[in-house]
file run.pdb (PDB, C-alpha atoms and all ligand atoms)
ATOM      1  CA  MET A   1     -59.361 -51.595 104.758  1.00  0.00           C
ATOM      2  CA  VAL A   2     -59.566 -53.141 108.237  1.00  0.00           C
ATOM      3  CA  VAL A   3     -62.352 -52.405 110.713  1.00  0.00           C
ATOM      4  CA  ILE A   4     -61.565 -52.905 114.399  1.00  0.00           C
ATOM      5  CA  VAL A   5     -64.456 -52.951 116.870  1.00  0.00           C
ATOM      6  CA  LEU A   6     -63.486 -51.341 120.208  1.00  0.00           C
ATOM      7  CA  SER A   7     -66.369 -51.806 122.697  1.00  0.00           C
ATOM      8  CA  ASP A   8     -69.072 -49.532 121.286  1.00  0.00           C
ATOM      9  CA  CYS A   9     -66.665 -47.684 119.042  1.00  0.00           C
ATOM     10  CA  VAL A  10     -65.804 -48.613 115.492  1.00  0.00           C
ATOM     11  CA  ARG A  11     -62.463 -47.360 114.274  1.00  0.00           C
ATOM     12  CA  THR A  12     -61.517 -47.755 110.673  1.00  0.00           C
ATOM     13  CA  ILE A  13     -57.880 -48.146 109.793  1.00  0.00           C
ATOM     14  CA  CYS A  14     -57.389 -47.267 106.158  1.00  0.00           C
ATOM     15  CA  ALA A  15     -54.964 -48.684 103.716  1.00  0.00           C
ATOM     16  CA  PRO A  16     -52.388 -46.040 102.741  1.00  0.00           C
ATOM     17  CA  LYS A  17     -53.734 -45.921  99.214  1.00  0.00           C
ATOM     18  CA  ASP A  18     -57.157 -44.660 100.396  1.00  0.00           C
ATOM     19  CA  GLU A  19     -56.020 -41.065 100.825  1.00  0.00           C
ATOM     20  CA  GLU A  20     -54.956 -40.775  97.233  1.00  0.00           C
ATOM     21  CA  ALA A  21     -57.855 -42.859  95.952  1.00  0.00           C
ATOM     22  CA  GLY A  22     -60.413 -40.452  97.432  1.00  0.00           C
ATOM     23  CA  GLY A  23     -59.254 -37.686  95.138  1.00  0.00           C
ATOM     24  CA  MET A  24     -58.827 -39.742  91.996  1.00  0.00           C
ATOM     25  CA  MET A  25     -62.216 -41.390  91.563  1.00  0.00           C
ATOM     26  CA  THR A  26     -64.194 -39.480  88.993  1.00  0.00           C
ATOM     27  CA  GLN A  27     -67.536 -41.300  88.823  1.00  0.00           C
ATOM     28  CA  PRO A  28     -70.596 -39.211  89.783  1.00  0.00           C
ATOM     29  CA  VAL A  29     -71.248 -39.562  93.494  1.00  0.00           C
ATOM     30  CA  GLU A  30     -73.724 -38.483  96.132  1.00  0.00           C
ATOM     31  CA  THR A  31     -72.235 -36.060  98.587  1.00  0.00           C
ATOM     32  CA  SER A  32     -72.532 -36.459 102.345  1.00  0.00           C
ATOM     33  CA  ALA A  33     -75.396 -34.433 103.851  1.00  0.00           C
ATOM     34  CA  ALA A  34     -73.071 -33.253 106.608  1.00  0.00           C
ATOM     35  CA  PHE A  35     -70.530 -32.074 104.023  1.00  0.00           C
ATOM     36  CA  ASP A  36     -73.277 -30.303 102.058  1.00  0.00           C
ATOM     37  CA  THR A  37     -74.235 -28.374 105.196  1.00  0.00           C
ATOM     38  CA  LEU A  38     -70.571 -27.664 105.897  1.00  0.00           C
ATOM     39  CA  LEU A  39     -70.007 -26.348 102.384  1.00  0.00           C
ATOM     40  CA  THR A  40     -72.861 -23.864 102.708  1.00  0.00           C
ATOM     41  CA  GLU A  41     -71.478 -22.486 105.967  1.00  0.00           C
ATOM     42  CA  LEU A  42     -67.912 -22.532 104.686  1.00  0.00           C
ATOM     43  CA  ARG A  43     -68.902 -20.440 101.664  1.00  0.00           C
ATOM     44  CA  ARG A  44     -70.748 -17.962 103.896  1.00  0.00           C
ATOM     45  CA  VAL A  45     -67.785 -17.530 106.257  1.00  0.00           C
ATOM     46  CA  HIS A  46     -65.251 -17.431 103.415  1.00  0.00           C
ATOM     47  CA  GLU A  47     -67.107 -14.648 101.622  1.00  0.00           C
ATOM     48  CA  ASP A  48     -67.822 -12.755 104.842  1.00  0.00           C
ATOM     49  CA  HIS A  49     -64.270 -12.624 106.234  1.00  0.00           C
ATOM     50  CA  PRO A  50     -62.141  -9.912 104.569  1.00  0.00           C
ATOM     51  CA  ASP A  51     -58.908 -11.930 104.675  1.00  0.00           C
ATOM     52  CA  THR A  52     -60.246 -15.154 103.172  1.00  0.00           C
ATOM     53  CA  ARG A  53     -62.273 -13.186 100.625  1.00  0.00           C
ATOM     54  CA  ALA A  54     -59.129 -11.313  99.575  1.00  0.00           C
ATOM     55  CA  PHE A  55     -57.022 -14.494  99.507  1.00  0.00           C
ATOM     56  CA  CYS A  56     -59.132 -16.104  96.782  1.00  0.00           C
ATOM     57  CA  PRO A  57     -62.764 -16.257  95.680  1.00  0.00           C
ATOM     58  CA  PHE A  58     -64.748 -19.233  96.893  1.00  0.00           C
ATOM     59  CA  PRO A  59     -64.622 -21.748  94.013  1.00  0.00           C
ATOM     60  CA  THR A  60     -67.227 -21.769  91.276  1.00  0.00           C
ATOM     61  CA  ASP A  61     -65.915 -25.009  89.743  1.00  0.00           C
ATOM     62  CA  LEU A  62     -66.687 -27.397  92.603  1.00  0.00           C
ATOM     63  CA  THR A  63     -67.040 -30.982  91.401  1.00  0.00           C
ATOM     64  CA  PRO A  64     -68.268 -33.723  93.762  1.00  0.00           C
ATOM     65  CA  GLN A  65     -65.902 -36.661  94.053  1.00  0.00           C
ATOM     66  CA  ALA A  66     -65.968 -40.000  95.806  1.00  0.00           C
ATOM     67  CA  MET A  67     -64.646 -39.866  99.340  1.00  0.00           C
ATOM     68  CA  GLN A  68     -64.107 -42.965 101.457  1.00  0.00           C
ATOM     69  CA  PRO A  69     -64.433 -42.016 105.156  1.00  0.00           C
ATOM     70  CA  CYS A  70     -61.307 -42.876 107.085  1.00  0.00           C
ATOM     71  CA  HIS A  71     -61.045 -42.285 110.813  1.00  0.00           C
ATOM     72  CA  ARG A  72     -57.856 -41.867 112.752  1.00  0.00           C
ATOM     73  CA  PRO A  73     -57.272 -41.442 116.507  1.00  0.00           C
ATOM     74  CA  CYS A  74     -57.171 -37.644 116.133  1.00  0.00           C
ATOM     75  CA  ALA A  75     -60.850 -37.699 115.071  1.00  0.00           C
ATOM     76  CA  GLU A  76     -61.793 -39.146 118.433  1.00  0.00           C
ATOM     77  CA  PHE A  77     -59.625 -36.616 120.299  1.00  0.00           C
ATOM     78  CA  MET A  78     -61.448 -33.783 118.522  1.00  0.00           C
ATOM     79  CA  ALA A  79     -64.880 -35.291 119.121  1.00  0.00           C
ATOM     80  CA  GLY A  80     -64.074 -35.642 122.834  1.00  0.00           C
ATOM     81  CA  GLU A  81     -62.954 -32.044 123.380  1.00  0.00           C
ATOM     82  CA  PRO A  82     -65.083 -29.844 125.653  1.00  0.00           C
ATOM     83  CA  MET A  83     -66.923 -27.295 123.507  1.00  0.00           C
ATOM     84  CA  MET A  84     -64.315 -24.877 122.187  1.00  0.00           C
ATOM     85  CA  GLU A  85     -64.916 -21.141 122.321  1.00  0.00           C
ATOM     86  CA  ALA A  86     -65.764 -19.989 118.796  1.00  0.00           C
ATOM     87  CA  GLY A  87     -67.085 -16.428 119.123  1.00  0.00           C
ATOM     88  CA  GLY A  88     -69.024 -15.696 115.945  1.00  0.00           C
ATOM     89  CA  TYR A  89     -67.995 -19.001 114.346  1.00  0.00           C
ATOM     90  CA  THR A  90     -70.043 -21.458 116.384  1.00  0.00           C
ATOM     91  CA  VAL A  91     -72.019 -22.646 113.350  1.00  0.00           C
ATOM     92  CA  LEU A  92     -68.857 -23.350 111.364  1.00  0.00           C
ATOM     93  CA  ARG A  93     -67.287 -25.090 114.386  1.00  0.00           C
ATOM     94  CA  ASP A  94     -70.347 -27.285 114.755  1.00  0.00           C
ATOM     95  CA  THR A  95     -70.600 -28.122 111.049  1.00  0.00           C
ATOM     96  CA  LEU A  96     -66.891 -29.046 110.970  1.00  0.00           C
ATOM     97  CA  LEU A  97     -67.466 -31.359 113.944  1.00  0.00           C
ATOM     98  CA  ALA A  98     -70.622 -32.814 112.388  1.00  0.00           C
ATOM     99  CA  ALA A  99     -68.843 -33.635 109.116  1.00  0.00           C
ATOM    100  CA  SER A 100     -65.875 -35.340 110.774  1.00  0.00           C
ATOM    101  CA  PRO A 101     -67.409 -38.874 110.898  1.00  0.00           C
ATOM    102  CA  ASP A 102     -67.824 -38.735 107.103  1.00  0.00           C
ATOM    103  CA  ALA A 103     -64.338 -37.368 106.452  1.00  0.00           C
ATOM    104  CA  LEU A 104     -61.177 -38.945 105.165  1.00  0.00           C
ATOM    105  CA  TRP A 105     -58.719 -37.982 107.902  1.00  0.00           C
ATOM    106  CA  ARG A 106     -55.305 -37.435 106.437  1.00  0.00           C
ATOM    107  CA  GLU A 107     -51.848 -38.654 107.369  1.00  0.00           C
ATOM    108  CA  THR A 108     -49.933 -35.791 105.824  1.00  0.00           C
ATOM    109  CA  TYR A 109     -46.625 -36.606 107.499  1.00  0.00           C
ATOM    110  CA  ALA A 110     -46.697 -40.409 107.276  1.00  0.00           C
ATOM    111  CA  GLY A 111     -43.228 -41.728 106.549  1.00  0.00           C
ATOM    112  CA  THR A 112     -41.431 -38.798 108.192  1.00  0.00           C
ATOM    113  CA  ASN A 113     -39.728 -38.739 111.600  1.00  0.00           C
ATOM    114  CA  ILE A 114     -42.405 -36.495 113.116  1.00  0.00           C
ATOM    115  CA  GLY A 115     -43.398 -39.156 115.681  1.00  0.00           C
ATOM    116  CA  GLN A 116     -46.456 -41.244 116.546  1.00  0.00           C
ATOM    117  CA  GLU A 117     -47.869 -38.774 119.074  1.00  0.00           C
ATOM    118  CA  PHE A 118     -48.099 -36.154 116.348  1.00  0.00           C
ATOM    119  CA  MET A 119     -49.633 -38.636 113.918  1.00  0.00           C
ATOM    120  CA  ASP A 120     -52.276 -39.654 116.477  1.00  0.00           C
ATOM    121  CA  ARG A 121     -53.214 -36.212 117.760  1.00  0.00           C
ATOM    122  CA  PHE A 122     -52.805 -33.777 114.855  1.00  0.00           C
ATOM    123  CA  GLY A 123     -56.047 -33.805 112.881  1.00  0.00           C
ATOM    124  CA  CYS A 124     -56.700 -32.760 109.307  1.00  0.00           C
ATOM    125  CA  TYR A 125     -59.337 -33.576 106.748  1.00  0.00           C
ATOM    126  CA  CYS A 126     -59.842 -32.159 103.303  1.00  0.00           C
ATOM    127  CA  ILE A 127     -63.097 -30.525 102.250  1.00  0.00           C
ATOM    128  CA  ILE A 128     -62.098 -29.269  98.790  1.00  0.00           C
ATOM    129  CA  GLY A 129     -59.147 -30.939  97.081  1.00  0.00           C
ATOM    130  CA  ALA A 130     -57.524 -34.374  97.002  1.00  0.00           C
ATOM    131  CA  GLY A 131     -59.305 -36.642  99.461  1.00  0.00           C
ATOM    132  CA  GLY A 132     -62.116 -34.126  99.988  1.00  0.00           C
ATOM    133  CA  GLN A 133     -65.781 -34.178  99.011  1.00  0.00           C
ATOM    134  CA  TRP A 134     -65.221 -31.745  96.126  1.00  0.00           C
ATOM    135  CA  SER A 135     -62.418 -30.875  93.753  1.00  0.00           C
ATOM    136  CA  SER A 136     -61.548 -27.418  92.460  1.00  0.00           C
ATOM    137  CA  ALA A 137     -58.752 -26.074  90.278  1.00  0.00           C
ATOM    138  CA  SER A 138     -58.618 -22.783  92.163  1.00  0.00           C
ATOM    139  CA  MET A 139     -58.108 -23.687  95.830  1.00  0.00           C
ATOM    140  CA  SER A 140     -58.027 -26.442  98.416  1.00  0.00           C
ATOM    141  CA  ALA A 141     -59.785 -26.276 101.790  1.00  0.00           C
ATOM    142  CA  TYR A 142     -59.010 -28.209 104.955  1.00  0.00           C
ATOM    143  CA  MET A 143     -60.070 -28.521 108.561  1.00  0.00           C
ATOM    144  CA  VAL A 144     -57.119 -28.576 110.949  1.00  0.00           C
ATOM    145  CA  TYR A 145     -57.391 -29.565 114.623  1.00  0.00           C
ATOM    146  CA  MET A 146     -54.763 -29.609 117.369  1.00  0.00           C
ATOM    147  CA  PRO A 147     -55.263 -30.372 121.078  1.00  0.00           C
ATOM    148  CA  ALA A 148     -54.043 -28.050 123.840  1.00  0.00           C
ATOM    149  CA  GLY A 149     -50.304 -28.031 124.603  1.00  0.00           C
ATOM    150  CA  PHE A 150     -49.309 -29.193 121.118  1.00  0.00           C
ATOM    151  CA  TRP A 151     -46.461 -28.270 118.797  1.00  0.00           C
ATOM    152  CA  TYR A 152     -46.820 -28.456 115.001  1.00  0.00           C
ATOM    153  CA  THR A 153     -43.229 -28.122 113.992  1.00  0.00           C
ATOM    154  CA  TRP A 154     -41.728 -25.966 111.240  1.00  0.00           C
ATOM    155  CA  HIS A 155     -42.808 -26.924 107.745  1.00  0.00           C
ATOM    156  CA  HIS A 156     -43.281 -25.325 104.362  1.00  0.00           C
ATOM    157  CA  HIS A 157     -44.876 -25.894 100.976  1.00  0.00           C
ATOM    158  CA  PRO A 158     -45.042 -24.111  97.633  1.00  0.00           C
ATOM    159  CA  ALA A 159     -48.764 -23.353  97.991  1.00  0.00           C
ATOM    160  CA  GLU A 160     -49.717 -20.067  99.604  1.00  0.00           C
ATOM    161  CA  GLU A 161     -51.895 -20.626 102.631  1.00  0.00           C
ATOM    162  CA  ILE A 162     -54.253 -18.823 104.967  1.00  0.00           C
ATOM    163  CA  TYR A 163     -55.443 -20.060 108.355  1.00  0.00           C
ATOM    164  CA  LEU A 164     -58.695 -18.732 109.775  1.00  0.00           C
ATOM    165  CA  VAL A 165     -59.156 -19.684 113.413  1.00  0.00           C
ATOM    166  CA  VAL A 166     -62.651 -21.068 113.937  1.00  0.00           C
ATOM    167  CA  ALA A 167     -62.468 -22.157 117.594  1.00  0.00           C
ATOM    168  CA  GLY A 168     -59.958 -22.207 120.438  1.00  0.00           C
ATOM    169  CA  GLU A 169     -56.619 -20.447 120.123  1.00  0.00           C
ATOM    170  CA  GLY A 170     -53.141 -20.899 118.693  1.00  0.00           C
ATOM    171  CA  GLU A 171     -49.775 -19.173 118.467  1.00  0.00           C
ATOM    172  CA  PHE A 172     -48.727 -18.846 114.829  1.00  0.00           C
ATOM    173  CA  LEU A 173     -45.031 -18.660 114.019  1.00  0.00           C
ATOM    174  CA  ARG A 174     -43.633 -17.535 110.667  1.00  0.00           C
ATOM    175  CA  HIS A 175     -39.942 -17.536 109.885  1.00  0.00           C
ATOM    176  CA  GLY A 176     -38.534 -14.041 110.163  1.00  0.00           C
ATOM    177  CA  MET A 177     -41.650 -12.590 111.745  1.00  0.00           C
ATOM    178  CA  ALA A 178     -43.040 -12.085 115.247  1.00  0.00           C
ATOM    179  CA  SER A 179     -45.408 -14.810 116.402  1.00  0.00           C
ATOM    180  CA  GLU A 180     -49.130 -14.080 116.745  1.00  0.00           C
ATOM    181  CA  ARG A 181     -51.592 -15.602 119.197  1.00  0.00           C
ATOM    182  CA  LEU A 182     -54.990 -15.754 117.516  1.00  0.00           C
ATOM    183  CA  GLY A 183     -58.496 -16.795 118.503  1.00  0.00           C
ATOM    184  CA  PRO A 184     -61.765 -17.125 116.562  1.00  0.00           C
ATOM    185  CA  GLY A 185     -61.802 -14.857 113.510  1.00  0.00           C
ATOM    186  CA  GLY A 186     -58.033 -14.355 113.533  1.00  0.00           C
ATOM    187  CA  ALA A 187     -56.279 -15.056 110.219  1.00  0.00           C
ATOM    188  CA  VAL A 188     -52.660 -15.537 109.223  1.00  0.00           C
ATOM    189  CA  LEU A 189     -51.078 -15.783 105.762  1.00  0.00           C
ATOM    190  CA  HIS A 190     -48.143 -18.074 104.910  1.00  0.00           C
ATOM    191  CA  GLY A 191     -46.220 -17.222 101.761  1.00  0.00           C
ATOM    192  CA  SER A 192     -44.979 -19.755  99.235  1.00  0.00           C
ATOM    193  CA  ASN A 193     -42.301 -21.904 100.905  1.00  0.00           C
ATOM    194  CA  GLN A 194     -42.234 -19.627 103.973  1.00  0.00           C
ATOM    195  CA  PRO A 195     -41.454 -21.870 106.968  1.00  0.00           C
ATOM    196  CA  HIS A 196     -44.209 -21.745 109.581  1.00  0.00           C
ATOM    197  CA  ALA A 197     -45.236 -23.557 112.762  1.00  0.00           C
ATOM    198  CA  LEU A 198     -48.160 -23.609 115.178  1.00  0.00           C
ATOM    199  CA  ARG A 199     -48.291 -24.026 118.938  1.00  0.00           C
ATOM    200  CA  THR A 200     -51.290 -24.395 121.228  1.00  0.00           C
ATOM    201  CA  HIS A 201     -51.143 -23.414 124.875  1.00  0.00           C
ATOM    202  CA  ASP A 202     -54.087 -23.943 127.244  1.00  0.00           C
ATOM    203  CA  GLN A 203     -56.725 -24.389 124.530  1.00  0.00           C
ATOM    204  CA  PRO A 204     -57.105 -26.647 121.485  1.00  0.00           C
ATOM    205  CA  ILE A 205     -57.683 -25.125 118.086  1.00  0.00           C
ATOM    206  CA  ILE A 206     -59.862 -25.718 115.037  1.00  0.00           C
ATOM    207  CA  ALA A 207     -58.992 -23.795 111.882  1.00  0.00           C
ATOM    208  CA  TYR A 208     -60.244 -23.430 108.338  1.00  0.00           C
ATOM    209  CA  VAL A 209     -57.192 -23.626 106.063  1.00  0.00           C
ATOM    210  CA  ILE A 210     -57.075 -22.601 102.410  1.00  0.00           C
ATOM    211  CA  TRP A 211     -54.390 -23.205  99.796  1.00  0.00           C
ATOM    212  CA  ARG A 212     -53.959 -21.478  96.455  1.00  0.00           C
ATOM    213  CA  ASN A 213     -51.441 -22.253  93.692  1.00  0.00           C
ATOM    214  CA  ASN A 214     -49.246 -25.385  93.614  1.00  0.00           C
ATOM    215  CA  LEU A 215     -52.091 -27.399  95.111  1.00  0.00           C
ATOM    216  CA  GLY A 216     -50.619 -30.816  94.385  1.00  0.00           C
ATOM    217  CA  ILE A 217     -47.353 -30.519  96.328  1.00  0.00           C
ATOM    218  CA  LYS A 218     -47.406 -31.790  99.926  1.00  0.00           C
ATOM    219  CA  PRO A 219     -45.833 -29.916 102.853  1.00  0.00           C
ATOM    220  CA  VAL A 220     -42.381 -30.960 104.025  1.00  0.00           C
ATOM    221  CA  LEU A 221     -40.716 -30.509 107.398  1.00  0.00           C
ATOM    222  CA  THR A 222     -38.306 -27.559 107.332  1.00  0.00           C
ATOM    223  CA  PRO A 223     -34.685 -28.548 107.979  1.00  0.00           C
ATOM    224  CA  PRO A 224     -33.000 -26.550 110.775  1.00  0.00           C
ATOM    225  CA  GLU A 225     -30.525 -24.957 108.364  1.00  0.00           C
ATOM    226  CA  MET A 226     -33.417 -23.145 106.679  1.00  0.00           C
ATOM    227  CA  LEU A 227     -34.373 -21.484 109.973  1.00  0.00           C
ATOM    228  CA  VAL A 228     -31.141 -19.626 110.760  1.00  0.00           C
TER     229      VAL A 228
HETATM  230 FE    FE B 301     -48.893 -24.863 106.035  1.00  0.00          FE
END

call {"tool": "encode", "arguments": {"input": "run.pdb", "output": "structure tokens", "more": "lines below"}}
Ligand SMILES: [Fe+2]
result
Amino acid sequence: MVVIVLSDCVRTICAPKDEEAGGMMTQPVETSAAFDTLLTELRRVHEDHPDTRAFCPFPTDLTPQAMQPCHRPCAEFMAGEPMMEAGGYTVLRDTLLAASPDALWRETYAGTNIGQEFMDRFGCYCIIGAGGQWSSASMSAYMVYMPAGFWYTWHHHPAEEIYLVVAGEGEFLRHGMASERLGPGGAVLHGSNQPHALRTHDQPIIAYVIWRNNLGIKPVLTPPEMLV
């Protein structure tokens, strides 16, 4: 790991192996206080929202795991956003922001041709699952952030997925279906291997994202021939 000091800002650039290592260490660990607070709020929201509650129960098998914080440029973009409108989800928005300095920010599409701008500005950290503060056999949970005017291109994965918008707004696209523009409290389901994409317009977005089934298989970019 290399630490670069930029004026009063410390940015950590992680070795590629760190993302996998966070989920593989099994020794008992102390969890981050900010993640503990986040987990409490996440459970409350998950069990309160009809769509996330129906998607899967909040896990009862949570096991703390070592997590090496790893910051990427997207973390600073999110921290610098003006306060995003969150409706009834302001507490979850704030706990997601508060946990971000302790998080292992992911590079899901490293090694693809998605481009450096995407890598720098698309933000994701795991809460439950590989690289997160807890493991569970039943689901994975992530925070996803995108700035305004951003395009998260078509991709797919075997895991079924639900997005719950926490703050801001996004236009959700699913192959073969009409797009939906959703704000705080809006939820959208992606089926197994159903190509999907996400676009922001004049607002950024923060979402709570849950996976069930096939948790260990990463997303891949959808080739154009699958979209005809
Ligand atoms: Fe997805």

call {"tool": "resolve_selection", "arguments": {"input": "run.pdb", "expression": "the PyMOL selection byres (((not hetatm)) within 7 of (chain B and resi 301))", "output": "list in words"}}
result
His155, His156, His157, Glu161, His190, His196 and Pro219 of chain A

call {"tool": "resolve_selection", "arguments": {"input": "run.pdb", "expression": "the PyMOL selection byres (((chain A and resi 206) around 7) and not hetatm)", "output": "list in words"}}
result
Val144, Tyr145, Met146, Val165, Val166, Ala167, Gly168, Ile205 and Ala207 of chain A

call {"tool": "write_last_selection", "arguments": {"input": "run.pdb", "atoms": "C-alpha atoms", "output": "mmCIF file, in the frame of the given file"}}
result
data_model
loop_
_atom_site.group_PDB
_atom_site.id
_atom_site.type_symbol
_atom_site.label_atom_id
_atom_site.label_comp_id
_atom_site.auth_asym_id
_atom_site.auth_seq_id
_atom_site.Cartn_x
_atom_site.Cartn_y
_atom_site.Cartn_z
ATOM 1 C CA VAL A 144 -57.119 -28.576 110.949
ATOM 2 C CA TYR A 145 -57.391 -29.565 114.623
ATOM 3 C CA MET A 146 -54.763 -29.609 117.369
ATOM 4 C CA VAL A 165 -59.156 -19.684 113.413
ATOM 5 C CA VAL A 166 -62.651 -21.068 113.937
ATOM 6 C CA ALA A 167 -62.468 -22.157 117.594
ATOM 7 C CA GLY A 168 -59.958 -22.207 120.438
ATOM 8 C CA ILE A 205 -57.683 -25.125 118.086
ATOM 9 C CA ALA A 207 -58.992 -23.795 111.882
#

call {"tool": "residues_around", "arguments": {"input": "run.pdb", "residues": "segment 100-113 of chain A", "least_positions_apart": "3", "cutoff": "8 Å", "atoms": "all atoms listed in the file", "output": "ChimeraX atom specification"}}
result
/A:19,22,32,34-35,67-72,75,96-97,119,123-126,131-132,218-220

call {"tool": "resolve_selection", "arguments": {"input": "run.pdb", "expression": "the PyMOL selection byres (((chain A and resi 185) around 7) and not hetatm)", "output": "compact mmCIF listing (two decimals) with C-alpha atoms, keeping the file's coordinate frame"}}
result
# COMPACT_ATOMS: atom_id res chain seq x y z
CA LEU A 164 -58.70 -18.73 109.78
CA VAL A 165 -59.16 -19.68 113.41
CA VAL A 166 -62.65 -21.07 113.94
CA GLY A 183 -58.50 -16.80 118.50
CA PRO A 184 -61.76 -17.12 116.56
CA GLY A 186 -58.03 -14.36 113.53
CA ALA A 187 -56.28 -15.06 110.22

call {"tool": "closest_residue", "arguments": {"input": "run.pdb", "among": "A:Gly191, A:Phe55, A:Thr60, A:His49", "to": "Gly88 of chain A", "atoms": "all atoms listed in the file"}}
result
A:His49

call {"tool": "residues_around", "arguments": {"input": "run.pdb", "residues": "Ala159 of chain A", "least_positions_apart": "3", "cutoff": "10 Å", "atoms": "only C-alpha atoms", "output": "list in words"}}
result
Met139, Ser140, His156, Ile162, His190, Gly191, Ser192, Asn193, Gln194, Ile210, Trp211, Arg212, Asn213, Asn214, Leu215, Gly216, Ile217, Lys218 and Pro219 of chain A

call {"tool": "write_last_selection", "arguments": {"input": "run.pdb", "atoms": "C-alpha atoms", "output": "PDB file, keeping the file's coordinate frame"}}
result
ATOM      1  CA  MET A 139     -58.108 -23.687  95.830  1.00  0.00           C
ATOM      2  CA  SER A 140     -58.027 -26.442  98.416  1.00  0.00           C
ATOM      3  CA  HIS A 156     -43.281 -25.325 104.362  1.00  0.00           C
ATOM      4  CA  ILE A 162     -54.253 -18.823 104.967  1.00  0.00           C
ATOM      5  CA  HIS A 190     -48.143 -18.074 104.910  1.00  0.00           C
ATOM      6  CA  GLY A 191     -46.220 -17.222 101.761  1.00  0.00           C
ATOM      7  CA  SER A 192     -44.979 -19.755  99.235  1.00  0.00           C
ATOM      8  CA  ASN A 193     -42.301 -21.904 100.905  1.00  0.00           C
ATOM      9  CA  GLN A 194     -42.234 -19.627 103.973  1.00  0.00           C
ATOM     10  CA  ILE A 210     -57.075 -22.601 102.410  1.00  0.00           C
ATOM     11  CA  TRP A 211     -54.390 -23.205  99.796  1.00  0.00           C
ATOM     12  CA  ARG A 212     -53.959 -21.478  96.455  1.00  0.00           C
ATOM     13  CA  ASN A 213     -51.441 -22.253  93.692  1.00  0.00           C
ATOM     14  CA  ASN A 214     -49.246 -25.385  93.614  1.00  0.00           C
ATOM     15  CA  LEU A 215     -52.091 -27.399  95.111  1.00  0.00           C
ATOM     16  CA  GLY A 216     -50.619 -30.816  94.385  1.00  0.00           C
ATOM     17  CA  ILE A 217     -47.353 -30.519  96.328  1.00  0.00           C
ATOM     18  CA  LYS A 218     -47.406 -31.790  99.926  1.00  0.00           C
ATOM     19  CA  PRO A 219     -45.833 -29.916 102.853  1.00  0.00           C
TER      20      PRO A 219
END

call {"tool": "closest_residue", "arguments": {"input": "run.pdb", "among": "A:Ala54, A:Met78, A:Leu198, A:Leu39", "to": "Ile128 of chain A", "atoms": "all atoms listed in the file"}}
result
A:Leu39

call {"tool": "atom_distance", "arguments": {"input": "run.pdb", "atom1": "atom CA of Arg43 of chain A", "atom2": "atom CA of Tyr142 of chain A"}}
result
13.0 Å

call {"tool": "atom_distance", "arguments": {"input": "run.pdb", "atom1": "atom CA of Glu169 of chain A", "atom2": "atom CA of Val209 of chain A"}}
result
14.4 Å

call {"tool": "residues_around", "arguments": {"input": "run.pdb", "residues": "Thr63 of chain A", "least_positions_apart": "3", "cutoff": "10 Å", "atoms": "all atoms listed in the file", "output": "list in words"}}
result
Thr26, Pro28, Val29, Pro59, Thr60, Ile128, Gly129, Gln133, Trp134, Ser135, Ser136 and Ala137 of chain A

call {"tool": "write_last_selection", "arguments": {"input": "run.pdb", "atoms": "C-alpha atoms", "output": "CSV table (one decimal), in the frame of the given file"}}
result
chain,number,residue,atom,x,y,z
A,26,THR,CA,-64.2,-39.5,89.0
A,28,PRO,CA,-70.6,-39.2,89.8
A,29,VAL,CA,-71.2,-39.6,93.5
A,59,PRO,CA,-64.6,-21.7,94.0
A,60,THR,CA,-67.2,-21.8,91.3
A,128,ILE,CA,-62.1,-29.3,98.8
A,129,GLY,CA,-59.1,-30.9,97.1
A,133,GLN,CA,-65.8,-34.2,99.0
A,134,TRP,CA,-65.2,-31.7,96.1
A,135,SER,CA,-62.4,-30.9,93.8
A,136,SER,CA,-61.5,-27.4,92.5
A,137,ALA,CA,-58.8,-26.1,90.3

call {"tool": "closest_residue", "arguments": {"input": "run.pdb", "among": "A:Leu92, A:Met177, A:Val228, A:Ala148", "to": "Thr200 of chain A", "atoms": "only C-alpha atoms"}}
result
A:Ala148

call {"tool": "closest_residue", "arguments": {"input": "run.pdb", "among": "A:Glu160, A:Glu41, A:Glu171, A:Asp202", "to": "Ala99 of chain A", "atoms": "only C-alpha atoms"}}
result
A:Glu41

call {"tool": "atom_distance", "arguments": {"input": "run.pdb", "atom1": "atom CA of Leu62 of chain A", "atom2": "atom CA of Tyr208 of chain A"}}
result
17.5 Å

call {"tool": "closest_residue", "arguments": {"input": "run.pdb", "among": "A:Pro147, A:Pro195, A:Met226, A:Arg44", "to": "Glu81 of chain A", "atoms": "all atoms listed in the file"}}
result
A:Pro147

call {"tool": "closest_residue", "arguments": {"input": "run.pdb", "among": "A:Ala130, A:Ala86, A:Leu182, A:Met143", "to": "Leu42 of chain A", "atoms": "all atoms listed in the file"}}
result
A:Met143

call {"tool": "decode", "arguments": {"input": "run.pdb", "residues": "segment 83-88 of chain A", "atoms": "N, CA and C atoms", "output": "mmCIF file, in the first residue's frame"}}
result
data_model
loop_
_atom_site.group_PDB
_atom_site.id
_atom_site.type_symbol
_atom_site.label_atom_id
_atom_site.label_comp_id
_atom_site.auth_asym_id
_atom_site.auth_seq_id
_atom_site.Cartn_x
_atom_site.Cartn_y
_atom_site.Cartn_z
ATOM 1 N N MET A 83 -25.214 18.775 -0.133
ATOM 2 C CA MET A 83 -26.107 17.815 0.502
ATOM 3 C C MET A 83 -27.200 17.364 -0.466
ATOM 4 N N MET A 84 -27.284 16.087 -0.690
ATOM 5 C CA MET A 84 -28.249 15.538 -1.647
ATOM 6 C C MET A 84 -29.605 15.354 -1.000
ATOM 7 N N GLU A 85 -30.655 15.689 -1.738
ATOM 8 C CA GLU A 85 -32.014 15.501 -1.247
ATOM 9 C C GLU A 85 -32.260 14.019 -0.962
ATOM 10 N N ALA A 86 -32.764 13.721 0.238
ATOM 11 C CA ALA A 86 -32.939 12.315 0.616
ATOM 12 C C ALA A 86 -34.324 12.005 1.166
ATOM 13 N N GLY A 87 -35.238 12.970 1.161
ATOM 14 C CA GLY A 87 -36.589 12.699 1.645
ATOM 15 C C GLY A 87 -36.561 12.080 3.033
ATOM 16 N N GLY A 88 -37.150 10.891 3.159
ATOM 17 C CA GLY A 88 -37.190 10.216 4.451
ATOM 18 C C GLY A 88 -35.949 9.391 4.754
#
